[in-house]
$ cat protein.cif   # mmCIF, C-alpha atoms and all ligand atoms
data_input
#
loop_
_atom_site.label_atom_id
_atom_site.label_comp_id
_atom_site.auth_asym_id
_atom_site.auth_seq_id
_atom_site.Cartn_x
_atom_site.Cartn_y
_atom_site.Cartn_z
CA MET A 1 0.00 0.00 0.00
CA ARG A 2 1.45 3.37 -1.06
CA ARG A 3 0.52 6.06 1.46
CA LEU A 4 1.25 9.69 0.73
CA GLY A 5 1.64 12.21 3.53
CA LEU A 6 2.13 15.94 3.02
CA ASP A 7 3.06 18.40 5.74
CA LEU A 8 2.23 22.05 5.14
CA GLY A 9 4.67 24.02 7.29
CA GLY A 10 5.56 27.68 7.72
CA THR A 11 8.63 27.55 5.49
CA GLU A 12 8.48 24.17 3.73
CA ILE A 13 5.98 21.68 2.42
CA LYS A 14 7.26 18.16 3.07
CA LEU A 15 6.36 14.90 1.43
CA ALA A 16 6.75 11.38 2.76
CA LEU A 17 5.74 8.36 0.73
CA LEU A 18 5.32 5.13 2.66
CA GLU A 19 5.07 1.63 1.32
CA ASP A 20 3.32 -0.02 4.24
CA GLU A 21 5.39 1.38 7.14
CA THR A 22 8.61 2.02 5.24
CA VAL A 23 9.48 5.50 4.04
CA VAL A 24 10.48 5.11 0.39
CA ARG A 25 10.70 8.76 -0.61
CA THR A 26 10.88 12.22 0.94
CA ALA A 27 10.85 15.59 -0.77
CA THR A 28 10.32 19.25 0.04
CA ALA A 29 9.13 22.42 -1.65
CA PRO A 30 9.12 25.99 -0.31
CA THR A 31 5.76 27.11 1.13
CA ARG A 32 6.25 30.79 0.15
CA SER A 33 3.02 31.78 1.90
CA GLU A 34 4.04 35.43 1.45
CA ASP A 35 3.92 34.92 -2.34
CA GLY A 36 0.33 34.74 -3.56
CA GLY A 37 -2.40 33.58 -1.20
CA PRO A 38 -3.79 30.39 0.28
CA GLU A 39 -4.87 29.18 -3.16
CA GLN A 40 -1.30 29.30 -4.46
CA VAL A 41 0.03 27.60 -1.34
CA LEU A 42 -2.47 24.74 -1.76
CA GLU A 43 -1.45 24.47 -5.43
CA ARG A 44 2.16 24.02 -4.26
CA VAL A 45 1.01 21.25 -1.88
CA VAL A 46 -0.77 19.52 -4.77
CA ALA A 47 2.19 19.95 -7.14
CA LEU A 48 4.56 18.34 -4.63
CA GLY A 49 2.05 15.56 -3.90
CA ARG A 50 1.66 14.71 -7.58
CA THR A 51 5.38 13.92 -7.82
CA ALA A 52 4.61 10.77 -5.79
CA GLY A 53 2.71 9.22 -8.73
CA SER A 54 -0.04 6.72 -8.07
CA VAL A 55 -0.92 6.21 -4.40
CA ASP A 56 -3.58 4.47 -2.29
CA SER A 57 -4.16 7.28 0.21
CA VAL A 58 -3.32 10.95 0.78
CA ALA A 59 -3.53 13.05 3.92
CA VAL A 60 -2.19 16.47 4.83
CA SER A 61 -0.81 17.82 8.10
CA VAL A 62 -1.66 21.50 8.60
CA PRO A 63 -0.06 24.12 10.89
CA GLY A 64 -3.12 25.00 12.94
CA LEU A 65 -6.81 24.44 13.41
CA VAL A 66 -9.46 23.45 10.88
CA ASP A 67 -13.23 23.12 11.25
CA ASP A 68 -15.48 20.12 10.54
CA ASP A 69 -15.75 21.08 6.88
CA GLY A 70 -11.98 21.15 6.38
CA CYS A 71 -11.77 24.95 6.30
CA ALA A 72 -8.88 26.75 8.00
CA LEU A 73 -9.65 28.48 11.30
CA LEU A 74 -6.20 29.61 12.45
CA PHE A 75 -2.85 28.99 10.74
CA PRO A 76 -0.75 31.41 12.81
CA ASN A 77 2.60 30.80 11.10
CA LEU A 78 1.43 31.28 7.52
CA HIS A 79 1.04 34.63 5.78
CA GLY A 80 -2.27 35.50 4.17
CA GLU A 81 -5.91 35.41 5.20
CA TRP A 82 -6.53 31.74 5.91
CA ALA A 83 -9.55 31.97 8.23
CA GLY A 84 -12.52 30.32 6.51
CA VAL A 85 -10.50 29.19 3.47
CA PRO A 86 -11.51 25.69 2.26
CA VAL A 87 -8.49 23.38 2.51
CA ALA A 88 -9.81 19.81 2.36
CA ARG A 89 -12.16 20.43 -0.57
CA PRO A 90 -9.65 21.75 -3.15
CA LEU A 91 -7.15 19.06 -2.11
CA ALA A 92 -9.80 16.34 -2.54
CA HIS A 93 -10.68 17.78 -5.94
CA ALA A 94 -7.05 17.87 -7.05
CA PHE A 95 -6.17 14.37 -5.83
CA GLY A 96 -9.50 12.82 -6.84
CA ARG A 97 -10.08 11.31 -3.40
CA GLU A 98 -10.87 12.26 0.19
CA VAL A 99 -7.88 14.01 1.77
CA PRO A 100 -8.10 13.89 5.59
CA LEU A 101 -6.42 16.75 7.44
CA LEU A 102 -4.80 16.65 10.84
CA ASN A 103 -2.86 19.22 12.79
CA ASP A 104 0.93 19.08 12.88
CA GLY A 105 1.14 18.15 16.58
CA HIS A 106 -1.15 15.17 16.02
CA ALA A 107 0.79 14.13 12.91
CA PHE A 108 4.07 14.24 14.85
CA ALA A 109 2.56 12.19 17.70
CA LEU A 110 1.08 9.57 15.42
CA ALA A 111 4.37 9.09 13.58
CA GLU A 112 6.59 8.91 16.68
CA ALA A 113 4.15 6.60 18.49
CA GLU A 114 3.66 4.19 15.58
CA VAL A 115 7.02 4.08 13.83
CA GLY A 116 9.35 6.36 15.81
CA ALA A 117 10.74 6.74 19.32
CA ALA A 118 7.70 5.23 21.07
CA ARG A 119 6.82 2.38 18.71
CA GLY A 120 5.53 -0.58 20.64
CA PHE A 121 4.26 1.52 23.57
CA ARG A 122 0.55 1.97 24.27
CA ASP A 123 0.40 5.22 26.26
CA VAL A 124 2.57 7.98 24.89
CA VAL A 125 2.82 11.76 25.32
CA CYS A 126 4.46 13.59 22.42
CA VAL A 127 5.63 17.20 22.49
CA VAL A 128 7.02 19.06 19.50
CA CYS A 129 8.82 22.28 20.35
CA GLY A 130 9.80 24.64 17.57
CA THR A 131 8.45 28.08 16.69
CA GLY A 132 5.15 26.76 17.98
CA VAL A 133 4.75 24.12 20.67
CA GLY A 134 2.27 21.33 20.04
CA GLY A 135 1.76 17.71 20.74
CA GLY A 136 -0.45 14.71 20.88
CA LEU A 137 -1.54 12.00 23.24
CA VAL A 138 -1.69 8.33 22.32
CA LEU A 139 -3.73 6.25 24.74
CA ASP A 140 -4.10 2.50 24.46
CA GLY A 141 -2.36 2.67 21.08
CA ARG A 142 -4.69 5.25 19.56
CA LEU A 143 -4.16 8.94 18.92
CA ARG A 144 -6.67 10.91 20.98
CA LEU A 145 -7.86 13.70 18.73
CA GLY A 146 -10.26 15.03 21.37
CA LEU A 147 -13.44 16.97 20.80
CA ASP A 148 -13.21 18.91 17.53
CA ASP A 149 -9.65 17.50 17.21
CA ARG A 150 -8.43 19.95 19.87
CA ALA A 151 -6.57 17.62 22.23
CA GLY A 152 -2.82 17.88 22.67
CA GLU A 153 -2.38 21.67 22.82
CA ILE A 154 0.40 21.53 25.38
CA GLY A 155 1.89 24.74 23.96
CA HIS A 156 -0.95 26.62 25.61
CA HIS A 157 -0.62 25.05 29.03
CA THR A 158 -0.11 27.85 31.53
CA VAL A 159 3.34 27.67 33.10
CA LEU A 160 3.49 31.30 34.34
CA PRO A 161 0.07 32.48 35.56
CA ASP A 162 0.97 36.16 35.09
CA GLY A 163 3.28 35.70 32.13
CA VAL A 164 3.28 37.53 28.82
CA LEU A 165 0.32 37.54 26.44
CA CYS A 166 0.26 34.56 24.07
CA GLY A 167 -1.11 34.62 20.53
CA CYS A 168 -4.00 32.48 21.82
CA GLY A 169 -5.20 35.26 24.13
CA SER A 170 -4.04 33.67 27.40
CA HIS A 171 -0.97 34.58 29.44
CA GLY A 172 2.18 32.65 30.29
CA CYS A 173 1.61 29.74 27.89
CA LEU A 174 4.44 27.23 27.48
CA GLU A 175 4.97 28.46 23.91
CA THR A 176 5.74 31.99 25.14
CA VAL A 177 8.67 30.78 27.25
CA ALA A 178 9.88 27.59 25.53
CA GLY A 179 9.25 28.28 21.84
CA ALA A 180 12.12 29.02 19.46
CA ARG A 181 11.34 32.74 19.45
CA ALA A 182 11.43 32.96 23.25
CA ILE A 183 14.83 31.24 23.27
CA ALA A 184 16.27 33.65 20.70
CA ASP A 185 14.93 36.63 22.72
CA ALA A 186 16.36 35.29 25.99
CA ALA A 187 19.71 34.62 24.29
CA GLY A 188 19.77 38.20 22.96
CA VAL A 189 20.15 37.15 19.32
CA ALA A 190 18.03 37.59 16.19
CA THR A 191 17.08 34.02 15.36
CA PHE A 192 16.74 30.63 16.97
CA ALA A 193 19.50 29.30 14.69
CA ASP A 194 21.83 32.00 16.08
CA ALA A 195 20.90 30.97 19.64
CA ALA A 196 21.59 27.29 18.89
CA ALA A 197 24.95 28.13 17.29
CA ALA A 198 25.94 30.37 20.22
CA ALA A 199 24.91 27.74 22.78
CA SER A 200 26.89 24.99 21.07
CA ALA A 201 29.90 27.34 20.91
CA GLY A 202 29.72 27.70 24.69
CA ASP A 203 28.00 31.08 25.01
CA GLU A 204 26.66 31.24 28.57
CA ARG A 205 23.69 33.48 27.91
CA ALA A 206 22.50 31.26 25.04
CA ALA A 207 22.98 28.11 27.14
CA ALA A 208 20.96 29.71 29.94
CA ALA A 209 18.19 30.56 27.46
CA PHE A 210 17.95 26.88 26.46
CA GLU A 211 18.02 25.78 30.08
CA ARG A 212 15.19 28.16 31.02
CA ALA A 213 13.06 26.86 28.14
CA ALA A 214 13.86 23.28 29.13
CA VAL A 215 12.79 23.90 32.73
CA PHE A 216 9.43 25.24 31.55
CA LEU A 217 9.03 22.27 29.21
CA GLY A 218 9.76 20.11 32.25
CA VAL A 219 7.06 21.87 34.28
CA ALA A 220 4.42 21.28 31.59
CA ILE A 221 5.53 17.70 30.98
CA ALA A 222 5.56 16.98 34.72
CA ASN A 223 1.92 18.03 34.91
CA VAL A 224 0.95 15.77 32.01
CA VAL A 225 3.01 12.87 33.39
CA LEU A 226 1.22 13.13 36.74
CA PHE A 227 -2.16 13.10 35.06
CA VAL A 228 -1.59 10.46 32.37
CA ALA A 229 1.22 8.25 33.70
CA PRO A 230 2.40 7.42 30.15
CA GLU A 231 5.03 4.81 29.30
CA ARG A 232 7.01 7.23 27.15
CA VAL A 233 7.32 10.94 26.59
CA VAL A 234 8.75 11.89 23.19
CA VAL A 235 10.14 15.40 22.73
CA GLY A 236 11.02 16.67 19.24
CA GLY A 237 11.20 19.79 17.14
CA GLY A 238 14.02 22.27 16.62
CA VAL A 239 14.38 23.08 20.33
CA ALA A 240 14.85 19.39 21.24
CA GLU A 241 17.68 19.16 18.70
CA ALA A 242 19.82 21.00 21.26
CA GLY A 243 20.13 17.58 22.91
CA ASP A 244 21.43 17.38 26.47
CA LEU A 245 21.23 21.15 26.82
CA VAL A 246 17.45 20.64 26.81
CA PHE A 247 16.97 17.03 27.94
CA GLY A 248 19.19 17.40 31.03
CA PRO A 249 17.26 20.22 32.74
CA LEU A 250 13.95 18.90 31.38
CA ARG A 251 14.40 15.45 32.94
CA ARG A 252 15.64 16.98 36.21
CA GLU A 253 12.59 19.22 36.40
CA VAL A 254 10.16 16.35 35.75
CA GLU A 255 11.91 14.27 38.40
CA ARG A 256 11.91 17.11 40.93
CA ARG A 257 8.17 17.60 40.51
CA THR A 258 6.85 14.06 40.12
CA ALA A 259 9.27 11.52 41.62
CA ASN A 260 7.21 10.80 44.74
CA VAL A 261 3.95 10.37 42.85
CA ALA A 262 4.51 9.18 39.27
CA PRO A 263 6.17 5.78 38.51
CA LEU A 264 9.16 7.58 37.02
CA ALA A 265 11.42 4.54 36.93
CA LYS A 266 9.15 3.15 34.20
CA ILE A 267 8.62 6.39 32.27
CA GLU A 268 11.25 7.30 29.70
CA ILE A 269 11.60 10.81 28.31
CA VAL A 270 13.26 10.38 24.93
CA PRO A 271 14.17 12.47 21.88
CA ALA A 272 12.07 12.08 18.74
CA GLU A 273 13.57 9.78 16.11
CA LEU A 274 11.95 10.66 12.82
CA GLY A 275 13.41 14.12 12.30
CA PRO A 276 11.85 16.83 10.13
CA PHE A 277 9.66 14.43 8.14
CA ALA A 278 7.72 13.18 11.19
CA GLY A 279 4.70 15.33 10.31
CA ALA A 280 4.55 14.03 6.74
CA ILE A 281 4.98 10.44 7.95
CA GLY A 282 2.20 10.96 10.50
CA ALA A 283 -0.05 12.34 7.77
CA ALA A 284 0.65 9.28 5.62
CA LEU A 285 -0.26 6.96 8.51
CA HIS A 286 -3.42 8.96 9.24
CA GLY A 287 -4.52 8.91 5.60
CA ALA A 288 -4.12 5.15 5.36
CA ALA A 289 -6.19 4.71 8.53
CA ASN A 290 -8.97 6.90 7.14
CA VAL A 291 -9.52 5.62 3.58
ZN ZN B 1 -1.35 30.31 24.34
#
$ encode --input "protein.cif" --output "structure tokens"
Amino acid sequence: MRRLGLDLGGTEIKLALLEDETVVRTATAPTRSEDGGPEQVLERVVALGRTAGSVDSVAVSVPGLVDDDGCALLFPNLHGEWAGVPVARPLAHAFGREVPLLNDGHAFALAEAEVGAARGFRDVVCVVCGTGVGGGLVLDGRLRLGLDDRAGEIGHHTVLPDGVLCGCGSHGCLETVAGARAIADAAGVATFADAAAAASAGDERAAAAFERAAVFLGVAIANVVLFVAPERVVVGGGVAEAGDLVFGPLRREVERRTANVAPLAKIEIVPAELGPFAGAIGAALHGAANV
């Protein structure tokens, strides 16, 4: 079975083609959401998808929220007026089949739980920390989409009750203190890539910025661990690529806050395995499960 997954991201559209559970091809194309409008962006998704040839299923991971009719509600990291724009319908028309959509946090979780760092485990919490912070919860081997597909929004867990205003309208969300932008700001540099380069070169302020983000990630993950008692917690995204700089303080914080209550000896907090194509792989798995 040839399963096509496409991941519409802020800077790139990614493709993963699976034959059963094996990735046989990956590809990317620039999103260029600042060039043209949503219609042109969706045409780029279709053009990349068509390079896969004949397939048995197609699904698309999107960077935000969609409604029941497959129209965009909020795609915060794309330029253009997306609210209300039909997404599923033009994709279905172009591919000649139903094209299920899922959000990027759910796609990441599905991929890491089924074929990535948590394969073989039944109860898994997945967190993806980049510009945005998202995630997904797999319980008893199934991704929990939640009502209106809104489960898994760990990026908007409050970690600082009186913290700064988040794009969602609340204050002190995890994303405002652990997202890539927050790390660059705390490191005093222009971009997250600059912060990562400075931290790996030994810059103390940049290292402290990563540690602060990791501690807040640990606070949010500790809360979820206490509530869910999962077998594995998978952490991915650009921030997690900093490795021990993030995983060290994160694990310490979870331990500090949960060790007397949660069965921590049995809960592993591990880096994601699938890399930047996790979202596209998750979409491919989701599409195959929904044909
Ligand atoms: Zn928020």
$ closest_residue --input "protein.cif" --among "A:Val125, A:Val225, A:Leu6, A:Val261" --to "A:Gly141" --atoms "only C-alpha atoms"
A:Val125
$ closest_atom_pairs --input "protein.cif" --of "chain A" --to "ligand ZN 1 (chain B)" --cutoff "8 Å" --atoms "all atoms listed in the file" --output "CSV"
residue,atom,partner,partner_atom,distance
A:Gly155,CA,B:ZN1,ZN,6.5
A:His156,CA,B:ZN1,ZN,3.9
A:His157,CA,B:ZN1,ZN,7.1
A:Thr158,CA,B:ZN1,ZN,7.7
A:Leu165,CA,B:ZN1,ZN,7.7
A:Cys166,CA,B:ZN1,ZN,4.6
A:Gly167,CA,B:ZN1,ZN,5.8
A:Cys168,CA,B:ZN1,ZN,4.3
A:Gly169,CA,B:ZN1,ZN,6.3
A:Ser170,CA,B:ZN1,ZN,5.3
A:His171,CA,B:ZN1,ZN,6.7
A:Gly172,CA,B:ZN1,ZN,7.3
A:Cys173,CA,B:ZN1,ZN,4.7
A:Leu174,CA,B:ZN1,ZN,7.3
A:Glu175,CA,B:ZN1,ZN,6.6
A:Thr176,CA,B:ZN1,ZN,7.3
$ closest_residue --input "protein.cif" --among "A:Pro230, A:Pro271, A:Gly202, A:Pro90" --to "A:Gln40" --atoms "all atoms listed in the file"
A:Pro90
$ residues_around --input "protein.cif" --residues "A:Glu12" --least-positions-apart "5" --cutoff "9 Å" --atoms "only C-alpha atoms" --output "PDB file with C-alpha atoms, in the frame of the given file"
ATOM      1  CA  ASP A   7       3.060  18.400   5.740  1.00  0.00           C
ATOM      2  CA  THR A  28      10.320  19.250   0.040  1.00  0.00           C
ATOM      3  CA  ALA A  29       9.130  22.420  -1.650  1.00  0.00           C
ATOM      4  CA  PRO A  30       9.120  25.990  -0.310  1.00  0.00           C
ATOM      5  CA  THR A  31       5.760  27.110   1.130  1.00  0.00           C
ATOM      6  CA  ARG A  32       6.250  30.790   0.150  1.00  0.00           C
TER       7      ARG A  32
END
$ residues_around --input "protein.cif" --residues "A:Val127" --least-positions-apart "2" --cutoff "7 Å" --atoms "only C-alpha atoms" --output "number ranges by chain"
A: 125, 129, 134-136, 234-236
$ atom_distance --input "protein.cif" --atom1 "atom CA of A:Asn223" --atom2 "atom CA of A:Asp123"
15.5 Å
$ closest_residue --input "protein.cif" --among "A:Gly279, A:Gly152, A:Gly64, A:Gly248" --to "A:Ala213" --atoms "only C-alpha atoms"
A:Gly248
$ closest_residue --input "protein.cif" --among "A:Val60, A:Ala262, A:Ala198, A:Leu48" --to "A:Arg3" --atoms "all atoms listed in the file"
A:Val60
$ residues_around --input "protein.cif" --residues "stretch 188-196 of chain A" --least-positions-apart "2" --cutoff "9 Å" --atoms "only C-alpha atoms" --output "ChimeraX atom specification"
/A:131,180-186,198-201,203,205-207,209-210,238-239,242
$ axis_aligned_box --input "protein.cif" --around "stretch 233-251 of chain A" --padding-each-side "6 Å" --output "JSON"
{"center_x": 14.4, "center_y": 17.0, "center_z": 24.8, "size_x": 26.1, "size_y": 24.1, "size_z": 28.3}
$ residues_around --input "protein.cif" --residues "A:Asp104" --least-positions-apart "6" --cutoff "6 Å" --atoms "all atoms listed in the file" --output "list in words"
Ser61, Val62, Pro63 and Gly279 of chain A
$ closest_residue --input "protein.cif" --among "A:Asp162, A:Glu211, A:Glu153, A:Asp56" --to "A:Gly287" --atoms "all atoms listed in the file"
A:Asp56
$ residues_around --input "protein.cif" --residues "A:Ala278" --least-positions-apart "6" --cutoff "9 Å" --atoms "only C-alpha atoms" --output "list in words"
Asp7, Ala16, Ala107, Phe108, Ala109, Leu110, Ala111, Glu112, Gly116 and Ala272 of chain A
$ write_last_selection --input "protein.cif" --atoms "C-alpha atoms" --output "compact mmCIF listing (two decimals), in the coordinates of the input"
# COMPACT_ATOMS: atom_id res chain seq x y z
CA ASP A 7 3.06 18.40 5.74
CA ALA A 16 6.75 11.38 2.76
CA ALA A 107 0.79 14.13 12.91
CA PHE A 108 4.07 14.24 14.85
CA ALA A 109 2.56 12.19 17.70
CA LEU A 110 1.08 9.57 15.42
CA ALA A 111 4.37 9.09 13.58
CA GLU A 112 6.59 8.91 16.68
CA GLY A 116 9.35 6.36 15.81
CA ALA A 272 12.07 12.08 18.74
$ atom_distance --input "protein.cif" --atom1 "atom CA of A:Leu226" --atom2 "atom CA of A:Glu255"
10.9 Å
$ closest_residue --input "protein.cif" --among "A:Arg2, A:Ala113, A:Arg257, A:Gly84" --to "A:Gly53" --atoms "all atoms listed in the file"
A:Arg2
$ atom_distance --input "protein.cif" --atom1 "atom CA of A:Val133" --atom2 "atom CA of A:Gly179"
6.2 Å
